[in-house]
Every structure is written in C-alpha cells, then in structure tokens.
Amino acid sequence: MEQFFFFLFAAGAVISALLVISRRNVMHCALFLVLTFFFVAAIFVLLKAEFLAAVQVLVYAGAIMVLFTFVIFLVHIPRTEKIRQTFRQKNLALALGLLLGLEVAYILYGTMAAPASLPAAAPVGAVGNTESFGVALFTRFLFPFEVVSVLLLAAMIGAIVLAKKEIDR
Amino acid sequence: MVPLSHYLIVSAALFAIGVAGVLVRRNAIIIFLSIEIMLNAVNLTFVAFSRFLDSLSGQIIVFFVMTVAAAEAAVGLAIIVSIYRNRESVDVDRVNLLKG
C-alpha cells in the first residue's frame, strides 16, 4: 500500500515538474508548481514528517506562490508569451540535464543501497513529530533560528528597497 | 516498504528537471520556478535521510532551507519587477548589459 502511494506521488511530482518547465503560459507553470509542492508534501507525510508537510503546503504552496502570482500579475502576460520558448541550445541543455540526473541517481543508488531497512523505532513516533521538532528547534538549534529571523528581516527590507519606485525630489 | 534509494532517485529526477528548466527557459519567472523545484528536491533528500538515519536534524535543516527559499523568492521577485520596469520584458536574453 505504501509503495502504491509512493509511486503515485512520485510520478505526480515528476510529471507536474516537467509541465512546469514546458508550458508556455507563466500562470499555468506557477499552478503546476503548486501541484508539485502538494505531491512533495504527500511524500513528506509518507516519510513521517507531518510538520514539514504542513509547512510545505502553508509556506510554499501558500505564501511563496502567492508572491509569484502577484509578480505574474504585475508582468504583462501576453508579452511574456511572445518570448521565444527556449534557448537555441535546447537539445544540449536537455541532454546535459538528463546526464546530470542519471549521474546523481547512479551515485546515490550505489552508495546508499546499504541502510535499506528502517530503524525499528521511528524517532517521531513516541511524542509526535511536531513536538519533537519544536523541542529540537528551540534548544539545540536556537541560534540558527535567530539568525534566520535576521535573514528574513534583511530580505524584507531588500525587497522593499529594490521594488519601490524612485521618489522624485 | 519503500527503500531509501527510491526517494533519492525521485529527488534526483526533480533536481535534474529544475536544472533543465533553468538552462532551457528564457522567461525569468519560470527560471525562478525551476529554482524552487531544485530546492524542493534537496528538501526531499534531507527528509528521506532524516527518516532513514533516525535523526531529526535533517528535518530542522529543511525548515531553514524553506526560510531561505522564502527570502530568496522575495528578493528575486523584487529584482524581476525592477527589471520589468526598466526593460518592459522578463526575457533573460535581453538583460545583457553585463555581457563582455
């Protein structure tokens, strides 16, 4: 049963990712990316990372994609459709991308075949994924957490400075 | 029971699709979408290893990767908006002032 759902979600993620990079209309690409995020979130649930699955849907499929959608609204879509779809070196790029994928898959498959069995007791089973995640985040990883908050503040200020119109003096 | 290698192969496939998208497409917004696909592929790897190595650290780092992705998307989209305002286009081939 788990295998069936894994293959379903994996195929869904890969197919919708392929649609993201092949559709002409930017809005369709963004919506297929949301679909990809949902499939990856489903795979997270299979991996017993429920909290990250929820964050994936809320932050990625929710917040970040809303940001993308607003920028797509700001940009004139018919004009972007006139952009020639691909670079001239399309075939070369596809071949190189395929080669990269095969290389990574081969290396990972070769080296990681060893611990194929799961650890008996999942770390998250006893107390719940979200609770153990929160305890780790606010004890061992408290400093990175604070650093990331400063990073978000910097990104927010940077985005405002970059996107605002010049003020005439 | 799905073995670890299956998850890693899905992740590799997603990453390669993202790379191909960045290389092939010329619309700046779609290039950004492809970068998000790559970040998601790496997140999938982290979560799979976290499950199979019995450690929460992998999930914590995915949390931080998501935060950095949000910051990156905000700044990158602001750059796209200001490029569009200057050039009336999001075609990366037309952003060539730095071309030597």
# chains A, B, ... in the order shown; residues from 1 in each chain; ligands from 1
>>> residues_around(residues="stretch 16-20 of chain B", least_positions_apart="2", cutoff="7 Å", atoms="only C-alpha atoms", output="short mmCIF file (atom, residue, chain, number, x, y, z; two decimals) with C-alpha atoms, in the first residue's frame")
data_model
loop_
_atom_site.label_atom_id
_atom_site.label_comp_id
_atom_site.auth_asym_id
_atom_site.auth_seq_id
_atom_site.Cartn_x
_atom_site.Cartn_y
_atom_site.Cartn_z
CA ALA A 17 7.55 19.38 -12.56
CA LEU A 18 8.03 18.53 -16.25
CA ALA A 93 20.68 21.58 -22.27
CA LEU A 94 18.20 18.71 -22.17
CA GLY A 97 20.18 17.81 -17.59
CA LEU A 98 19.42 14.15 -18.29
CA LEU A 100 23.19 15.11 -14.51
CA GLY A 101 20.07 13.32 -13.31
CA ALA B 12 17.49 13.41 -8.36
CA ALA B 13 14.87 13.45 -11.10
CA LEU B 14 13.25 16.59 -9.66
CA VAL B 22 16.97 26.93 -15.67
CA LEU B 23 19.07 26.08 -18.73
CA VAL B 24 16.26 25.85 -21.28
CA SER B 34 12.72 25.94 -11.66
CA ILE B 35 14.97 27.04 -8.80
CA ILE B 37 11.83 22.82 -7.89
CA MET B 38 15.54 22.26 -7.19
#
>>> residues_around(residues="A:Cys29", least_positions_apart="6", cutoff="9 Å", atoms="only C-alpha atoms", output="PyMOL selection string")
(chain A and resi 17+19-23) or (chain B and resi 30+33)
>>> write_last_selection(atoms="N, CA and C atoms", output="mmCIF file, in the first residue's frame")
data_model
loop_
_atom_site.group_PDB
_atom_site.id
_atom_site.type_symbol
_atom_site.label_atom_id
_atom_site.label_comp_id
_atom_site.auth_asym_id
_atom_site.auth_seq_id
_atom_site.Cartn_x
_atom_site.Cartn_y
_atom_site.Cartn_z
ATOM 1 N N ALA A 17 6.333 18.578 -12.423
ATOM 2 C CA ALA A 17 7.548 19.382 -12.563
ATOM 3 C C ALA A 17 7.923 19.521 -14.034
ATOM 4 N N LEU A 19 5.814 19.560 -16.468
ATOM 5 C CA LEU A 19 4.874 20.515 -17.042
ATOM 6 C C LEU A 19 5.275 21.944 -16.684
ATOM 7 N N VAL A 20 5.853 22.139 -15.462
ATOM 8 C CA VAL A 20 6.278 23.485 -15.072
ATOM 9 C C VAL A 20 7.285 24.029 -16.068
ATOM 10 N N ILE A 21 8.234 23.185 -16.486
ATOM 11 C CA ILE A 21 9.275 23.730 -17.361
ATOM 12 C C ILE A 21 8.906 23.648 -18.836
ATOM 13 N N SER A 22 7.698 23.150 -19.164
ATOM 14 C CA SER A 22 7.394 23.040 -20.586
ATOM 15 C C SER A 22 6.183 23.857 -21.023
ATOM 16 N N ARG A 23 5.368 24.359 -20.098
ATOM 17 C CA ARG A 23 4.194 25.134 -20.517
ATOM 18 C C ARG A 23 4.621 26.525 -20.971
ATOM 19 N N ILE B 30 9.948 31.860 -14.936
ATOM 20 C CA ILE B 30 9.965 30.400 -14.988
ATOM 21 C C ILE B 30 11.307 29.866 -14.506
ATOM 22 N N LEU B 33 10.868 29.628 -10.930
ATOM 23 C CA LEU B 33 10.065 28.457 -10.558
ATOM 24 C C LEU B 33 10.937 27.200 -10.581
#
>>> atom_distance(atom1="atom CA of A:Ile107", atom2="atom CA of A:Phe38")
27.3 Å
>>> select_by_dssp(residues="chain B", states="helix (DSSP H, G or I)", output="PyMOL selection string")
chain B and resi 4-24+28-52+57-87+92-94
>>> closest_residue(among="B:Leu97, B:Leu56, B:Ala28, B:Val68", to="B:Tyr84", atoms="only C-alpha atoms")
B:Ala28
>>> residues_around(residues="A:Ala11", least_positions_apart="5", cutoff="9 Å", atoms="only C-alpha atoms", output="number ranges by chain")
A: 6, 16, 39; B: 10
